[in-house]
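Reviewing the structure listed below.
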Amino acid sequence: MTSRVFSKVLAIMDHGGFPKLQKWVWRNIYNLLSRFWRDRDWRFMNYGYVAAGAAFPLRPEDEPERAFIGLYQQAVEGLPVEGARVLEVGSGRGGGSRYIARYHQPASVTGLDYSPATVRLARRLNADTATVAFETGDAEAMPFGDSSFDIVVNIESSHCYGDVAAFAREVGRVIKPGGWFTFADMRGRNSIHELDTQLAASGMELVESRDITQNVVAALDAAEARKRERIGRSWLMRRFMSEFSGSQGSVLYKGLTGGQVVYVARRYRKPL
């Protein structure tokens, strides 16, 4: 039953049906998760990224979340983050914003999320990082002035939005000229062209386009044992969390490994 329901949620997400309902459903899912999954050692809810080659450096206390941090490392690697004003849209539990602040020396990181309960949790989980702040707000109508940020990060969040093109236009508005937008998310294979059309509404130049599906699957495999152990302690939400987290055997895992779902990364730059 849980698998069938989750399949329907993914189908609605992929075809853009009922946008207002879609936003409402995802907001309440994340509100619920933030109330019932409050562990300090789970600052991430993404599917992760494992790159080939040498591992990037991490402090010992961050090693358990390496697979999830990897999705942020690939997003900002090579970008001029030091001294920059960074905005993460869809910041969730705040681990990605915290990682960027702690390892890449920006001037500041602002995390924006649609779920009030998740913002409250992010503030609690990341109170040890002074250069990070979290705010509640809508990705499609951001509460920031024009040209407020040097870099905008959006990781595994856009599938929750009712109007991705409206989000992209807001990104183009809040980024200063010469600034960067780094994006990663999943879609059904037949919807990738539509996604790129929506993101092009930002008016920014596409600089890099990658299919990172295999790296994401490698991260799901690497994190499987740790997720299973934690899910096993959540008897009330066990079946839902197995699907939501992309565990082996889930609808999403099968989609990614079977080629029906594609995980992409994009980088854009705003003209000077």
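If you're wondering about the labels, chains in the structure tokens are A, B, ... by order shown, residues count from 1 in each chain, ligands from 1 in order shown.
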Checklist line | Surrounding residues of stretch 106-118 of chain A excluding itself and chain neighbours under 6 positions, 8 Å, only C-alpha atoms, as an NGL selection string | finding: :A and (27-28 or 30-31 or 34-35 or 81-94 or 97 or 100 or 131-139)
Next item on the list: Identify, on the basis of only C-alpha atoms, every residue whose closest approach to stretch 195-209 of chain A does not exceed 10 Å; exclude the query and any residue fewer than 5 positions from it along the same chain; express the result as number ranges by chain.
Entry: A: 14, 158-159, 163-173, 175, 177-188, 190, 264-271
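Coordinates place atom CA of A:Arg123 at a distance of 25.6 Å from atom CA of A:Phe240.
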Q. So which bits of stretch 41-134 of chain A end up helix (DSSP H, G or I) when you DSSP the backbone, as a ChimeraX atom specification?
A. /A:60-76,95-104,116-125
Would you put the residues from that selection into a file with N, CA and C atoms, as a tab-separated table (two decimals), in the first residue's frame?
```
chain	number	residue	atom	x	y	z
A	60	PRO	N	36.25	14.23	11.68
A	60	PRO	CA	35.73	12.94	12.15
A	60	PRO	C	34.25	12.97	12.52
A	61	GLU	N	33.79	14.05	13.12
A	61	GLU	CA	32.39	14.10	13.56
A	61	GLU	C	31.41	14.17	12.39
A	62	ASP	N	31.90	14.54	11.21
A	62	ASP	CA	31.03	14.64	10.04
A	62	ASP	C	31.07	13.41	9.14
A	63	GLU	N	31.97	12.48	9.42
A	63	GLU	CA	32.14	11.29	8.57
A	63	GLU	C	30.86	10.47	8.41
A	64	PRO	N	30.04	10.29	9.47
A	64	PRO	CA	28.83	9.48	9.27
A	64	PRO	C	27.89	10.00	8.19
A	65	GLU	N	27.97	11.29	7.88
A	65	GLU	CA	27.08	11.88	6.89
A	65	GLU	C	27.80	12.18	5.57
A	66	ARG	N	28.93	11.54	5.35
A	66	ARG	CA	29.73	11.81	4.15
A	66	ARG	C	28.91	11.66	2.87
A	67	ALA	N	28.13	10.59	2.76
A	67	ALA	CA	27.38	10.35	1.52
A	67	ALA	C	26.43	11.51	1.22
A	68	PHE	N	25.80	12.06	2.27
A	68	PHE	CA	24.84	13.15	2.08
A	68	PHE	C	25.55	14.48	1.83
A	69	ILE	N	26.65	14.69	2.54
A	69	ILE	CA	27.45	15.90	2.33
A	69	ILE	C	27.98	15.95	0.91
A	70	GLY	N	28.24	14.79	0.32
A	70	GLY	CA	28.79	14.74	-1.03
A	70	GLY	C	27.95	15.46	-2.06
A	71	LEU	N	26.64	15.50	-1.86
A	71	LEU	CA	25.76	16.19	-2.81
A	71	LEU	C	26.01	17.70	-2.76
A	72	TYR	N	26.37	18.22	-1.60
A	72	TYR	CA	26.70	19.63	-1.47
A	72	TYR	C	28.12	19.92	-1.94
A	73	GLN	N	29.04	19.00	-1.66
A	73	GLN	CA	30.41	19.20	-2.12
A	73	GLN	C	30.46	19.31	-3.64
A	74	GLN	N	29.75	18.43	-4.34
A	74	GLN	CA	29.76	18.52	-5.80
A	74	GLN	C	29.06	19.79	-6.29
A	75	ALA	N	28.13	20.29	-5.51
A	75	ALA	CA	27.38	21.49	-5.91
A	75	ALA	C	28.23	22.75	-5.86
A	76	VAL	N	29.12	22.85	-4.87
A	76	VAL	CA	29.88	24.09	-4.69
A	76	VAL	C	31.35	23.97	-5.08
A	95	GLY	N	21.78	20.74	7.30
A	95	GLY	CA	23.12	20.19	7.23
A	95	GLY	C	23.94	20.71	6.07
A	96	GLY	N	23.30	20.93	4.91
A	96	GLY	CA	24.03	21.44	3.76
A	96	GLY	C	24.53	22.85	3.97
A	97	SER	N	23.67	23.71	4.51
A	97	SER	CA	24.08	25.09	4.80
A	97	SER	C	25.22	25.09	5.83
A	98	ARG	N	25.10	24.23	6.82
A	98	ARG	CA	26.14	24.13	7.84
A	98	ARG	C	27.46	23.67	7.22
A	99	TYR	N	27.40	22.68	6.34
A	99	TYR	CA	28.62	22.20	5.70
A	99	TYR	C	29.30	23.30	4.90
A	100	ILE	N	28.54	24.03	4.10
A	100	ILE	CA	29.12	25.10	3.29
A	100	ILE	C	29.77	26.15	4.19
A	101	ALA	N	29.09	26.50	5.28
A	101	ALA	CA	29.62	27.51	6.19
A	101	ALA	C	30.90	27.04	6.88
A	102	ARG	N	30.95	25.78	7.27
A	102	ARG	CA	32.07	25.27	8.05
A	102	ARG	C	33.29	24.92	7.21
A	103	TYR	N	33.08	24.60	5.95
A	103	TYR	CA	34.19	24.11	5.14
A	103	TYR	C	34.59	25.03	3.98
A	104	HIS	N	33.77	25.99	3.62
A	104	HIS	CA	34.06	26.79	2.43
A	104	HIS	C	34.17	28.29	2.69
A	116	PRO	N	7.71	25.53	8.44
A	116	PRO	CA	8.10	26.20	9.69
A	116	PRO	C	8.72	25.24	10.71
A	117	ALA	N	8.17	24.03	10.82
A	117	ALA	CA	8.71	23.07	11.78
A	117	ALA	C	10.14	22.68	11.42
A	118	THR	N	10.42	22.57	10.12
A	118	THR	CA	11.76	22.21	9.68
A	118	THR	C	12.74	23.35	9.95
A	119	VAL	N	12.31	24.58	9.77
A	119	VAL	CA	13.17	25.73	10.07
A	119	VAL	C	13.52	25.75	11.55
A	120	ARG	N	12.54	25.50	12.39
A	120	ARG	CA	12.82	25.47	13.84
A	120	ARG	C	13.81	24.37	14.17
A	121	LEU	N	13.65	23.22	13.55
A	121	LEU	CA	14.58	22.11	13.80
A	121	LEU	C	15.98	22.45	13.29
A	122	ALA	N	16.06	23.05	12.10
A	122	ALA	CA	17.37	23.43	11.54
A	122	ALA	C	18.10	24.40	12.46
A	123	ARG	N	17.39	25.34	13.03
A	123	ARG	CA	18.02	26.28	13.96
A	123	ARG	C	18.59	25.56	15.17
A	124	ARG	N	17.86	24.55	15.66
A	124	ARG	CA	18.33	23.81	16.83
A	124	ARG	C	19.53	22.92	16.48
A	125	LEU	N	19.45	22.23	15.36
A	125	LEU	CA	20.50	21.28	15.00
A	125	LEU	C	21.81	21.95	14.61
```
Using only C-alpha atoms, can you tell me which of A:Cys160, A:Ile212, A:Met45, A:Met241 comes closest to A:Thr257?
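When distances to A:Thr257 are compared using only C-alpha atoms, the smallest one comes from A:Ile212.
For the pair atom CA of A:Asn215 and atom CA of A:Gly255, the separation is 14.4 Å.
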Review point. Which is closest to A:Thr213 among A:Gly53, A:Gly145, A:Gly258, A:Pro80, if we use only C-alpha atoms?
Key: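 Of A:Gly53, A:Gly145, A:Gly258, A:Pro80, the one nearest A:Thr213 is A:Gly258, counting only C-alpha atoms.
The strand (DSSP E or B) portion of stretch 29-146 of chain A consists of Arg85, Val86, Leu87, Glu88, Val89, Ser108, Val109, Thr110, Gly111, Leu112, Asp113, Val132, Ala133, Phe134, Glu135, Thr136, Asp138 and Ala141 of chain A, with states taken from DSSP on the backbone.
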Separating atom CA of A:Leu256 from atom CA of A:Ile231, to the nearest tenth of an Å, is a gap of 20.9 Å
Neighbour list for A:Gln214 as a PyMOL selection string, cut-off 12 Å, only C-alpha atoms, skip fewer than 6 positions in-chain:
chain A and resi 47-52+220-221+253+255-259+261-264
Would you export the selected residues with N, CA and C atoms as a PDB file, in the first residue's frame, please?
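Result file follows (result-v3.pdb):
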```pdb
ATOM      1  N   TYR A  47      19.460  12.290  -0.896  1.00  0.00           N
ATOM      2  CA  TYR A  47      19.843  10.932  -1.286  1.00  0.00           C
ATOM      3  C   TYR A  47      21.345  10.761  -1.453  1.00  0.00           C
ATOM      4  N   GLY A  48      22.092  11.863  -1.435  1.00  0.00           N
ATOM      5  CA  GLY A  48      23.536  11.770  -1.395  1.00  0.00           C
ATOM      6  C   GLY A  48      24.213  11.697  -2.753  1.00  0.00           C
ATOM      7  N   TYR A  49      25.549  11.653  -2.696  1.00  0.00           N
ATOM      8  CA  TYR A  49      26.388  11.625  -3.895  1.00  0.00           C
ATOM      9  C   TYR A  49      27.742  11.063  -3.496  1.00  0.00           C
ATOM     10  N   VAL A  50      28.189  10.043  -4.195  1.00  0.00           N
ATOM     11  CA  VAL A  50      29.531   9.490  -4.001  1.00  0.00           C
ATOM     12  C   VAL A  50      30.286   9.624  -5.313  1.00  0.00           C
ATOM     13  N   ALA A  51      31.400  10.353  -5.279  1.00  0.00           N
ATOM     14  CA  ALA A  51      32.198  10.578  -6.479  1.00  0.00           C
ATOM     15  C   ALA A  51      33.273   9.505  -6.617  1.00  0.00           C
ATOM     16  N   ALA A  52      33.683   9.276  -7.843  1.00  0.00           N
ATOM     17  CA  ALA A  52      34.839   8.411  -8.081  1.00  0.00           C
ATOM     18  C   ALA A  52      36.101   9.175  -7.691  1.00  0.00           C
ATOM     19  N   LEU A 220      23.169   6.065  -2.052  1.00  0.00           N
ATOM     20  CA  LEU A 220      22.079   5.318  -1.423  1.00  0.00           C
ATOM     21  C   LEU A 220      22.579   3.974  -0.906  1.00  0.00           C
ATOM     22  N   ASP A 221      23.398   3.303  -1.690  1.00  0.00           N
ATOM     23  CA  ASP A 221      23.956   2.022  -1.262  1.00  0.00           C
ATOM     24  C   ASP A 221      24.883   2.199  -0.059  1.00  0.00           C
ATOM     25  N   TYR A 253      14.254   3.972  -5.564  1.00  0.00           N
ATOM     26  CA  TYR A 253      15.507   3.254  -5.824  1.00  0.00           C
ATOM     27  C   TYR A 253      15.397   2.456  -7.121  1.00  0.00           C
ATOM     28  N   GLY A 255      13.434   3.114  -9.587  1.00  0.00           N
ATOM     29  CA  GLY A 255      13.388   4.060 -10.692  1.00  0.00           C
ATOM     30  C   GLY A 255      14.764   4.564 -11.084  1.00  0.00           C
ATOM     31  N   LEU A 256      15.595   4.859 -10.091  1.00  0.00           N
ATOM     32  CA  LEU A 256      16.943   5.343 -10.357  1.00  0.00           C
ATOM     33  C   LEU A 256      17.831   4.259 -10.966  1.00  0.00           C
ATOM     34  N   THR A 257      17.746   3.062 -10.439  1.00  0.00           N
ATOM     35  CA  THR A 257      18.592   1.982 -10.954  1.00  0.00           C
ATOM     36  C   THR A 257      18.091   1.441 -12.286  1.00  0.00           C
ATOM     37  N   GLY A 258      16.785   1.595 -12.547  1.00  0.00           N
ATOM     38  CA  GLY A 258      16.211   1.087 -13.785  1.00  0.00           C
ATOM     39  C   GLY A 258      16.189   2.094 -14.921  1.00  0.00           C
ATOM     40  N   GLY A 259      16.544   3.349 -14.630  1.00  0.00           N
ATOM     41  CA  GLY A 259      16.621   4.359 -15.680  1.00  0.00           C
ATOM     42  C   GLY A 259      15.371   5.183 -15.883  1.00  0.00           C
ATOM     43  N   VAL A 261      13.986   7.135 -13.599  1.00  0.00           N
ATOM     44  CA  VAL A 261      14.214   8.392 -12.886  1.00  0.00           C
ATOM     45  C   VAL A 261      15.661   8.800 -13.089  1.00  0.00           C
ATOM     46  N   VAL A 262      15.884  10.082 -13.364  1.00  0.00           N
ATOM     47  CA  VAL A 262      17.220  10.609 -13.623  1.00  0.00           C
ATOM     48  C   VAL A 262      17.508  11.710 -12.610  1.00  0.00           C
ATOM     49  N   TYR A 263      18.720  11.700 -12.089  1.00  0.00           N
ATOM     50  CA  TYR A 263      19.153  12.732 -11.139  1.00  0.00           C
ATOM     51  C   TYR A 263      20.170  13.612 -11.873  1.00  0.00           C
ATOM     52  N   VAL A 264      19.887  14.906 -11.945  1.00  0.00           N
ATOM     53  CA  VAL A 264      20.727  15.807 -12.725  1.00  0.00           C
ATOM     54  C   VAL A 264      21.321  16.903 -11.846  1.00  0.00           C
TER      55      VAL A 264
END
```
